[in-house]
Amino acid sequence: MQLLKTIDEVREFVAGYKKFDREVGFVPTMGYLHDGHMSLVDRAVQENECTVVSIFVNPTQFLPGEDFEEYPRDEAADLQQCEDAGVDAVFLPSVEVMYGSNALTSVHVSQLSDTLCGMSRGVGHFVGVCTVVCKLFNIVQPDRVYFGQKDAQQALVIAKMIGDLNIPVDIKVCPIKREDDGLAMSSRNARLSEEERSKAITLYTALCEARNMIHNGEKASMVIREAMTEIVENVDGVEVDYLEIVDPVSLGEAEWIDDTVLIAGAVKLGGVRLIDNLLVHPENGPWEDDF
Ligand code: PAF
């Protein structure tokens, strides 16, 4: 497995595959890899002749007061997991390599970026994500890119950016990986104390209750939102950031549920913010919907 630190090194490495028409899969990450990331990596390894993973904690997607400094990092463990999974190269750029000293360009996917996490964290969050992802796509020039459904809004925003900017890449969105109790895997879970970890499942419990209500015929999203809010607010130390029921393509509020909806939530436990979501269709039994 190659470790690449500069843009020229990545271009040279990938060109070696493209020359022989070999397909390149790419998984952009911020490191501290868990089974959720590795499910994207495994799929990329299966579907492509070359897999590149990037590890870069991107400062521009953290807004002032957020956890950029505290974001967990473990480069040695990440590299070992990539090596074991059959990754061909890992791109580990510095902030200087990614942004130089005078970058003036950014990418903003309007509307989709301005709601849910974009509303609660600030629009700058997705501008930071899109700008770095667009740059990474231009550097790696992959055939396929892999994102997780846990960051459903991020996947939608990136898919829109790919379409709008005619970026020649296929996006694959892979299912959420969960711990045994249902907690969505996230690098940020490592920042939870034992007590917070036991309470973190509250978000998934609230989402599951919303799904049950929909399967039992409830159509008014206001009623379901109230039930979710009550579940979260009943647990000491867990704070609702947002709990929304939205159209899974436009992310507009679904006031009345008669088609597939995305139930998306974010909560805060101490200084840690967690997100999760479920895609739910009112006609399905719970076993048919995305767990
Ligand atoms: O999902 C993430 O880890 C990040 O937002 C990404 C896509 C790697 C961009 O920094």
# chains A, B, ... in the order shown; residues from 1 in each chain; ligands from 1
call {"tool": "select_by_dssp", "arguments": {"residues": "range 21-225 of chain A", "states": "alpha helix (DSSP H)", "output": "ChimeraX atom specification"}}
result
/A:35-47,75-85,95-99,116-121,124-140,152-164,194-199,202-215,221-225
call {"tool": "closest_atom_pairs", "arguments": {"of": "chain A", "to": "ligand 1", "cutoff": "9 Å", "atoms": "only C-alpha atoms and all ligand atoms", "output": "JSON lines"}}
result
{"residue": "A:Val27", "atom": "CA", "partner": "ligand 1", "partner_atom_place_in_ligand_line": "8 (C)", "distance": 7.9}
{"residue": "A:Pro28", "atom": "CA", "partner": "ligand 1", "partner_atom_place_in_ligand_line": "8 (C)", "distance": 4.5}
{"residue": "A:Thr29", "atom": "CA", "partner": "ligand 1", "partner_atom_place_in_ligand_line": "8 (C)", "distance": 3.7}
{"residue": "A:Met30", "atom": "CA", "partner": "ligand 1", "partner_atom_place_in_ligand_line": "3 (O)", "distance": 4.6}
{"residue": "A:Gly31", "atom": "CA", "partner": "ligand 1", "partner_atom_place_in_ligand_line": "3 (O)", "distance": 7.3}
{"residue": "A:His37", "atom": "CA", "partner": "ligand 1", "partner_atom_place_in_ligand_line": "3 (O)", "distance": 8.8}
{"residue": "A:Ser54", "atom": "CA", "partner": "ligand 1", "partner_atom_place_in_ligand_line": "8 (C)", "distance": 7.6}
{"residue": "A:Ile55", "atom": "CA", "partner": "ligand 1", "partner_atom_place_in_ligand_line": "8 (C)", "distance": 7.4}
{"residue": "A:Phe56", "atom": "CA", "partner": "ligand 1", "partner_atom_place_in_ligand_line": "10 (O)", "distance": 6.7}
{"residue": "A:Val57", "atom": "CA", "partner": "ligand 1", "partner_atom_place_in_ligand_line": "10 (O)", "distance": 6.4}
{"residue": "A:Asn58", "atom": "CA", "partner": "ligand 1", "partner_atom_place_in_ligand_line": "10 (O)", "distance": 5.1}
{"residue": "A:Pro59", "atom": "CA", "partner": "ligand 1", "partner_atom_place_in_ligand_line": "10 (O)", "distance": 8.5}
{"residue": "A:Thr60", "atom": "CA", "partner": "ligand 1", "partner_atom_place_in_ligand_line": "10 (O)", "distance": 8.6}
{"residue": "A:Gln61", "atom": "CA", "partner": "ligand 1", "partner_atom_place_in_ligand_line": "10 (O)", "distance": 7.0}
{"residue": "A:His125", "atom": "CA", "partner": "ligand 1", "partner_atom_place_in_ligand_line": "5 (O)", "distance": 8.9}
{"residue": "A:Phe126", "atom": "CA", "partner": "ligand 1", "partner_atom_place_in_ligand_line": "5 (O)", "distance": 8.3}
{"residue": "A:Gly128", "atom": "CA", "partner": "ligand 1", "partner_atom_place_in_ligand_line": "10 (O)", "distance": 7.7}
{"residue": "A:Val129", "atom": "CA", "partner": "ligand 1", "partner_atom_place_in_ligand_line": "9 (C)", "distance": 4.9}
{"residue": "A:Cys130", "atom": "CA", "partner": "ligand 1", "partner_atom_place_in_ligand_line": "9 (C)", "distance": 7.4}
{"residue": "A:Thr131", "atom": "CA", "partner": "ligand 1", "partner_atom_place_in_ligand_line": "9 (C)", "distance": 8.7}
{"residue": "A:Val132", "atom": "CA", "partner": "ligand 1", "partner_atom_place_in_ligand_line": "10 (O)", "distance": 6.2}
{"residue": "A:Val133", "atom": "CA", "partner": "ligand 1", "partner_atom_place_in_ligand_line": "9 (C)", "distance": 5.7}
{"residue": "A:Leu136", "atom": "CA", "partner": "ligand 1", "partner_atom_place_in_ligand_line": "9 (C)", "distance": 8.9}
{"residue": "A:Phe147", "atom": "CA", "partner": "ligand 1", "partner_atom_place_in_ligand_line": "7 (C)", "distance": 7.3}
{"residue": "A:Gly148", "atom": "CA", "partner": "ligand 1", "partner_atom_place_in_ligand_line": "1 (O)", "distance": 7.7}
{"residue": "A:Asp151", "atom": "CA", "partner": "ligand 1", "partner_atom_place_in_ligand_line": "1 (O)", "distance": 6.8}
{"residue": "A:Gln154", "atom": "CA", "partner": "ligand 1", "partner_atom_place_in_ligand_line": "5 (O)", "distance": 7.2}
{"residue": "A:Ala155", "atom": "CA", "partner": "ligand 1", "partner_atom_place_in_ligand_line": "7 (C)", "distance": 8.5}
{"residue": "A:Ile158", "atom": "CA", "partner": "ligand 1", "partner_atom_place_in_ligand_line": "7 (C)", "distance": 8.7}
{"residue": "A:Ser187", "atom": "CA", "partner": "ligand 1", "partner_atom_place_in_ligand_line": "3 (O)", "distance": 8.9}
call {"tool": "write_last_selection", "arguments": {"atoms": "N, CA, C and O atoms", "output": "short mmCIF file (atom, residue, chain, number, x, y, z; two decimals), in the first residue's frame"}}
result
data_model
loop_
_atom_site.label_atom_id
_atom_site.label_comp_id
_atom_site.auth_asym_id
_atom_site.auth_seq_id
_atom_site.Cartn_x
_atom_site.Cartn_y
_atom_site.Cartn_z
N VAL A 27 -12.52 6.56 -1.50
CA VAL A 27 -13.28 6.75 -0.26
C VAL A 27 -12.66 7.91 0.51
O VAL A 27 -11.58 7.76 1.11
N PRO A 28 -13.29 9.09 0.49
CA PRO A 28 -12.76 10.20 1.27
C PRO A 28 -13.17 10.06 2.73
O PRO A 28 -14.33 9.78 3.02
N THR A 29 -12.23 10.23 3.66
CA THR A 29 -12.56 10.10 5.09
C THR A 29 -11.81 11.17 5.89
O THR A 29 -10.88 11.80 5.38
N MET A 30 -12.22 11.30 7.14
CA MET A 30 -11.47 12.14 8.08
C MET A 30 -10.75 11.24 9.09
O MET A 30 -10.34 11.70 10.16
N GLY A 31 -10.61 9.95 8.75
CA GLY A 31 -9.84 9.05 9.60
C GLY A 31 -10.60 8.58 10.82
O GLY A 31 -11.81 8.70 10.92
N HIS A 37 -16.84 3.07 7.98
CA HIS A 37 -15.91 3.44 6.91
C HIS A 37 -15.45 2.20 6.14
O HIS A 37 -15.36 2.19 4.91
N SER A 54 -8.66 8.67 1.25
CA SER A 54 -7.98 9.86 1.77
C SER A 54 -8.31 9.99 3.25
O SER A 54 -9.42 9.66 3.69
N ILE A 55 -7.33 10.45 4.01
CA ILE A 55 -7.52 10.73 5.43
C ILE A 55 -7.10 12.17 5.65
O ILE A 55 -5.92 12.52 5.51
N PHE A 56 -8.09 13.03 5.92
CA PHE A 56 -7.80 14.46 6.06
C PHE A 56 -8.89 15.07 6.93
O PHE A 56 -10.06 15.10 6.54
N VAL A 57 -8.53 15.51 8.14
CA VAL A 57 -9.50 16.19 8.99
C VAL A 57 -9.58 17.62 8.47
O VAL A 57 -8.67 18.42 8.69
N ASN A 58 -10.65 17.87 7.73
CA ASN A 58 -10.75 19.10 6.94
C ASN A 58 -11.17 20.29 7.80
O ASN A 58 -12.34 20.38 8.20
N PRO A 59 -10.25 21.23 8.07
CA PRO A 59 -10.59 22.31 9.01
C PRO A 59 -11.73 23.20 8.53
O PRO A 59 -12.48 23.74 9.34
N THR A 60 -11.92 23.30 7.19
CA THR A 60 -12.90 24.29 6.72
C THR A 60 -14.35 23.84 6.92
O THR A 60 -15.26 24.65 6.76
N GLN A 61 -14.58 22.57 7.26
CA GLN A 61 -15.97 22.16 7.49
C GLN A 61 -16.35 22.21 8.97
O GLN A 61 -17.48 21.91 9.33
N HIS A 125 -20.60 24.82 6.93
CA HIS A 125 -20.22 23.41 7.07
C HIS A 125 -20.19 22.71 5.71
O HIS A 125 -19.19 22.13 5.31
N PHE A 126 -21.31 22.79 4.97
CA PHE A 126 -21.34 22.07 3.68
C PHE A 126 -20.50 22.77 2.61
O PHE A 126 -20.07 22.12 1.66
N GLY A 128 -17.58 23.90 3.29
CA GLY A 128 -16.28 23.27 3.58
C GLY A 128 -16.22 21.85 3.05
O GLY A 128 -15.23 21.44 2.45
N VAL A 129 -17.32 21.09 3.24
CA VAL A 129 -17.36 19.70 2.76
C VAL A 129 -17.26 19.67 1.24
O VAL A 129 -16.43 18.95 0.66
N CYS A 130 -18.12 20.45 0.57
CA CYS A 130 -18.16 20.39 -0.91
C CYS A 130 -16.85 20.85 -1.51
O CYS A 130 -16.37 20.28 -2.50
N THR A 131 -16.27 21.89 -0.94
CA THR A 131 -15.02 22.41 -1.50
C THR A 131 -13.92 21.36 -1.39
O THR A 131 -13.23 21.08 -2.37
N VAL A 132 -13.79 20.74 -0.22
CA VAL A 132 -12.70 19.76 -0.08
C VAL A 132 -12.98 18.52 -0.92
O VAL A 132 -12.07 17.96 -1.54
N VAL A 133 -14.25 18.09 -0.99
CA VAL A 133 -14.57 16.89 -1.75
C VAL A 133 -14.36 17.15 -3.25
O VAL A 133 -13.80 16.31 -3.97
N LEU A 136 -10.70 17.00 -3.81
CA LEU A 136 -10.22 15.61 -3.77
C LEU A 136 -10.60 14.85 -5.04
O LEU A 136 -9.81 14.08 -5.58
N PHE A 147 -19.83 6.95 -0.27
CA PHE A 147 -20.24 7.75 0.88
C PHE A 147 -21.22 6.93 1.72
O PHE A 147 -21.82 5.99 1.22
N GLY A 148 -21.37 7.31 2.98
CA GLY A 148 -22.26 6.56 3.90
C GLY A 148 -23.62 7.22 4.02
O GLY A 148 -23.73 8.45 4.06
N ASP A 151 -24.55 9.95 6.84
CA ASP A 151 -24.52 11.38 6.51
C ASP A 151 -25.39 11.57 5.26
O ASP A 151 -24.89 11.93 4.18
N GLN A 154 -25.22 14.89 3.53
CA GLN A 154 -23.93 15.06 2.85
C GLN A 154 -23.93 14.30 1.52
O GLN A 154 -23.50 14.84 0.48
N ALA A 155 -24.44 13.05 1.52
CA ALA A 155 -24.45 12.26 0.28
C ALA A 155 -25.31 12.94 -0.79
O ALA A 155 -24.93 13.01 -1.96
N ILE A 158 -23.46 16.09 -2.09
CA ILE A 158 -22.35 15.72 -2.98
C ILE A 158 -22.89 15.22 -4.32
O ILE A 158 -22.36 15.55 -5.39
N SER A 187 -17.09 8.18 14.17
CA SER A 187 -15.81 8.44 14.85
C SER A 187 -16.05 9.20 16.15
O SER A 187 -15.32 9.04 17.12
#
call {"tool": "select_by_dssp", "arguments": {"residues": "range 127-224 of chain A", "states": "strand (DSSP E or B)", "output": "list in words"}}
result
Arg144, Val145, Tyr146, Phe147, Gly148, Asp170, Ile171, Lys172, Val173, Cys174, Arg178, Ala184 and Ala220 of chain A
call {"tool": "write_last_selection", "arguments": {"atoms": "N, CA, C and O atoms", "output": "tab-separated table (two decimals), in the first residue's frame"}}
result
chain	number	residue	atom	x	y	z
A	144	ARG	N	-15.38	5.84	-9.33
A	144	ARG	CA	-16.48	5.69	-8.38
A	144	ARG	C	-16.07	6.24	-7.01
A	144	ARG	O	-14.91	6.07	-6.61
A	145	VAL	N	-17.06	6.87	-6.34
A	145	VAL	CA	-16.78	7.37	-4.99
A	145	VAL	C	-17.82	6.81	-4.03
A	145	VAL	O	-18.96	6.55	-4.43
A	146	TYR	N	-17.43	6.63	-2.78
A	146	TYR	CA	-18.26	5.91	-1.81
A	146	TYR	C	-18.52	6.80	-0.60
A	146	TYR	O	-17.58	7.32	0.02
A	147	PHE	N	-19.83	6.95	-0.27
A	147	PHE	CA	-20.24	7.75	0.88
A	147	PHE	C	-21.22	6.93	1.72
A	147	PHE	O	-21.82	5.99	1.22
A	148	GLY	N	-21.37	7.31	2.98
A	148	GLY	CA	-22.26	6.56	3.90
A	148	GLY	C	-23.62	7.22	4.02
A	148	GLY	O	-23.73	8.45	4.06
A	170	ASP	N	-19.14	8.24	-10.55
A	170	ASP	CA	-20.38	7.60	-10.04
A	170	ASP	C	-20.35	7.63	-8.53
A	170	ASP	O	-19.34	7.21	-7.95
A	171	ILE	N	-21.45	8.04	-7.92
A	171	ILE	CA	-21.48	8.03	-6.45
A	171	ILE	C	-22.27	6.81	-5.96
A	171	ILE	O	-23.35	6.52	-6.47
A	172	LYS	N	-21.70	6.11	-4.98
A	172	LYS	CA	-22.37	4.97	-4.37
A	172	LYS	C	-22.60	5.30	-2.90
A	172	LYS	O	-21.66	5.73	-2.21
A	173	VAL	N	-23.85	5.13	-2.46
A	173	VAL	CA	-24.17	5.44	-1.05
A	173	VAL	C	-24.44	4.12	-0.34
A	173	VAL	O	-25.31	3.35	-0.76
A	174	CYS	N	-23.69	3.86	0.71
A	174	CYS	CA	-23.73	2.54	1.38
A	174	CYS	C	-24.50	2.64	2.71
A	174	CYS	O	-24.48	3.69	3.37
A	178	ARG	N	-24.31	-0.20	12.29
A	178	ARG	CA	-24.72	0.09	13.66
A	178	ARG	C	-24.01	-0.81	14.67
A	178	ARG	O	-23.64	-1.93	14.35
A	184	ALA	N	-25.67	4.28	15.59
A	184	ALA	CA	-24.97	4.41	14.30
A	184	ALA	C	-23.47	4.61	14.57
A	184	ALA	O	-23.09	5.42	15.43
A	220	ALA	N	-49.39	12.55	10.17
A	220	ALA	CA	-49.05	13.95	10.47
A	220	ALA	C	-47.65	14.02	11.08
A	220	ALA	O	-47.41	13.52	12.19
call {"tool": "atom_distance", "arguments": {"atom1": "CA of Val14 in chain A", "atom2": "CA of Ser101 in chain A"}}
result
25.7 Å
call {"tool": "closest_residue", "arguments": {"among": "A:His108, A:Arg225, A:Arg43, A:Lys135", "to": "Asp164 in chain A", "atoms": "only C-alpha atoms"}}
result
A:His108
call {"tool": "closest_residue", "arguments": {"among": "A:Val223, A:Ile245, A:Ile214, A:Leu192", "to": "Arg273 in chain A", "atoms": "only C-alpha atoms"}}
result
A:Leu192
call {"tool": "decode", "arguments": {"residues": "range 85-97 of chain A", "atoms": "all heavy atoms", "output": "PDB file, in the first residue's frame"}}
result
ATOM      1  N   ALA A  85      -7.422  -4.260   4.480  1.00  0.00           N
ATOM      2  CA  ALA A  85      -8.602  -4.320   3.593  1.00  0.00           C
ATOM      3  C   ALA A  85      -8.218  -4.379   2.117  1.00  0.00           C
ATOM      4  O   ALA A  85      -9.094  -4.496   1.258  1.00  0.00           O
ATOM      5  CB  ALA A  85      -9.499  -3.114   3.855  1.00  0.00           C
ATOM      6  N   GLY A  86      -6.935  -4.230   1.818  1.00  0.00           N
ATOM      7  CA  GLY A  86      -6.518  -4.328   0.414  1.00  0.00           C
ATOM      8  C   GLY A  86      -6.548  -3.001  -0.325  1.00  0.00           C
ATOM      9  O   GLY A  86      -6.633  -2.971  -1.565  1.00  0.00           O
ATOM     10  N   VAL A  87      -6.490  -1.883   0.420  1.00  0.00           N
ATOM     11  CA  VAL A  87      -6.438  -0.549  -0.202  1.00  0.00           C
ATOM     12  C   VAL A  87      -5.095  -0.404  -0.931  1.00  0.00           C
ATOM     13  O   VAL A  87      -4.062  -0.877  -0.448  1.00  0.00           O
ATOM     14  CB  VAL A  87      -6.601   0.537   0.897  1.00  0.00           C
ATOM     15  CG1 VAL A  87      -6.272   1.921   0.379  1.00  0.00           C
ATOM     16  CG2 VAL A  87      -8.011   0.481   1.471  1.00  0.00           C
ATOM     17  N   ASP A  88      -5.115   0.255  -2.092  1.00  0.00           N
ATOM     18  CA  ASP A  88      -3.874   0.390  -2.874  1.00  0.00           C
ATOM     19  C   ASP A  88      -3.067   1.616  -2.466  1.00  0.00           C
ATOM     20  O   ASP A  88      -1.842   1.592  -2.517  1.00  0.00           O
ATOM     21  CB  ASP A  88      -4.227   0.460  -4.361  1.00  0.00           C
ATOM     22  CG  ASP A  88      -4.908  -0.820  -4.792  1.00  0.00           C
ATOM     23  OD1 ASP A  88      -4.200  -1.824  -4.950  1.00  0.00           O
ATOM     24  OD2 ASP A  88      -6.154  -0.839  -4.907  1.00  0.00           O
ATOM     25  N   ALA A  89      -3.769   2.694  -2.103  1.00  0.00           N
ATOM     26  CA  ALA A  89      -3.030   3.896  -1.701  1.00  0.00           C
ATOM     27  C   ALA A  89      -3.856   4.733  -0.745  1.00  0.00           C
ATOM     28  O   ALA A  89      -5.087   4.797  -0.851  1.00  0.00           O
ATOM     29  CB  ALA A  89      -2.683   4.742  -2.934  1.00  0.00           C
ATOM     30  N   VAL A  90      -3.172   5.367   0.207  1.00  0.00           N
ATOM     31  CA  VAL A  90      -3.824   6.301   1.124  1.00  0.00           C
ATOM     32  C   VAL A  90      -3.216   7.678   0.892  1.00  0.00           C
ATOM     33  O   VAL A  90      -1.983   7.824   0.870  1.00  0.00           O
ATOM     34  CB  VAL A  90      -3.639   5.879   2.601  1.00  0.00           C
ATOM     35  CG1 VAL A  90      -4.299   6.894   3.524  1.00  0.00           C
ATOM     36  CG2 VAL A  90      -4.234   4.496   2.846  1.00  0.00           C
ATOM     37  N   PHE A  91      -4.089   8.655   0.687  1.00  0.00           N
ATOM     38  CA  PHE A  91      -3.655  10.045   0.503  1.00  0.00           C
ATOM     39  C   PHE A  91      -3.784  10.746   1.850  1.00  0.00           C
ATOM     40  O   PHE A  91      -4.877  10.804   2.422  1.00  0.00           O
ATOM     41  CB  PHE A  91      -4.545  10.704  -0.559  1.00  0.00           C
ATOM     42  CG  PHE A  91      -4.228  12.138  -0.862  1.00  0.00           C
ATOM     43  CD1 PHE A  91      -2.911  12.625  -0.863  1.00  0.00           C
ATOM     44  CD2 PHE A  91      -5.252  13.027  -1.199  1.00  0.00           C
ATOM     45  CE1 PHE A  91      -2.626  13.953  -1.170  1.00  0.00           C
ATOM     46  CE2 PHE A  91      -4.978  14.356  -1.511  1.00  0.00           C
ATOM     47  CZ  PHE A  91      -3.666  14.816  -1.492  1.00  0.00           C
ATOM     48  N   LEU A  92      -2.660  11.249   2.350  1.00  0.00           N
ATOM     49  CA  LEU A  92      -2.619  11.910   3.667  1.00  0.00           C
ATOM     50  C   LEU A  92      -2.099  13.332   3.488  1.00  0.00           C
ATOM     51  O   LEU A  92      -0.946  13.619   3.832  1.00  0.00           O
ATOM     52  CB  LEU A  92      -1.649  11.154   4.578  1.00  0.00           C
ATOM     53  CG  LEU A  92      -2.005   9.749   5.021  1.00  0.00           C
ATOM     54  CD1 LEU A  92      -0.754   8.961   5.359  1.00  0.00           C
ATOM     55  CD2 LEU A  92      -2.912   9.804   6.239  1.00  0.00           C
ATOM     56  N   PRO A  93      -2.908  14.231   2.946  1.00  0.00           N
ATOM     57  CA  PRO A  93      -2.387  15.575   2.676  1.00  0.00           C
ATOM     58  C   PRO A  93      -2.327  16.428   3.944  1.00  0.00           C
ATOM     59  O   PRO A  93      -3.066  16.184   4.903  1.00  0.00           O
ATOM     60  CB  PRO A  93      -3.424  16.162   1.716  1.00  0.00           C
ATOM     61  CG  PRO A  93      -4.698  15.479   2.091  1.00  0.00           C
ATOM     62  CD  PRO A  93      -4.333  14.101   2.593  1.00  0.00           C
ATOM     63  N   SER A  94      -1.478  17.422   3.926  1.00  0.00           N
ATOM     64  CA  SER A  94      -1.489  18.428   4.998  1.00  0.00           C
ATOM     65  C   SER A  94      -2.484  19.531   4.602  1.00  0.00           C
ATOM     66  O   SER A  94      -2.941  19.585   3.453  1.00  0.00           O
ATOM     67  CB  SER A  94      -0.095  19.038   5.148  1.00  0.00           C
ATOM     68  OG  SER A  94       0.216  19.720   3.936  1.00  0.00           O
ATOM     69  N   VAL A  95      -2.778  20.415   5.546  1.00  0.00           N
ATOM     70  CA  VAL A  95      -3.668  21.547   5.246  1.00  0.00           C
ATOM     71  C   VAL A  95      -3.027  22.403   4.144  1.00  0.00           C
ATOM     72  O   VAL A  95      -3.703  22.879   3.223  1.00  0.00           O
ATOM     73  CB  VAL A  95      -3.926  22.393   6.520  1.00  0.00           C
ATOM     74  CG1 VAL A  95      -4.726  23.646   6.196  1.00  0.00           C
ATOM     75  CG2 VAL A  95      -4.659  21.554   7.564  1.00  0.00           C
ATOM     76  N   GLU A  96      -1.710  22.557   4.213  1.00  0.00           N
ATOM     77  CA  GLU A  96      -0.976  23.349   3.225  1.00  0.00           C
ATOM     78  C   GLU A  96      -1.132  22.745   1.819  1.00  0.00           C
ATOM     79  O   GLU A  96      -1.397  23.474   0.845  1.00  0.00           O
ATOM     80  CB  GLU A  96       0.510  23.389   3.665  1.00  0.00           C
ATOM     81  CG  GLU A  96       1.475  24.096   2.743  1.00  0.00           C
ATOM     82  CD  GLU A  96       1.127  25.574   2.532  1.00  0.00           C
ATOM     83  OE1 GLU A  96       0.494  26.162   3.428  1.00  0.00           O
ATOM     84  OE2 GLU A  96       1.476  26.102   1.447  1.00  0.00           O
ATOM     85  N   VAL A  97      -1.015  21.416   1.732  1.00  0.00           N
ATOM     86  CA  VAL A  97      -1.155  20.756   0.418  1.00  0.00           C
ATOM     87  C   VAL A  97      -2.580  20.953  -0.108  1.00  0.00           C
ATOM     88  O   VAL A  97      -2.789  21.250  -1.286  1.00  0.00           O
ATOM     89  CB  VAL A  97      -0.799  19.246   0.518  1.00  0.00           C
ATOM     90  CG1 VAL A  97      -1.319  18.463  -0.684  1.00  0.00           C
ATOM     91  CG2 VAL A  97       0.704  19.069   0.650  1.00  0.00           C
TER      92      VAL A  97
END
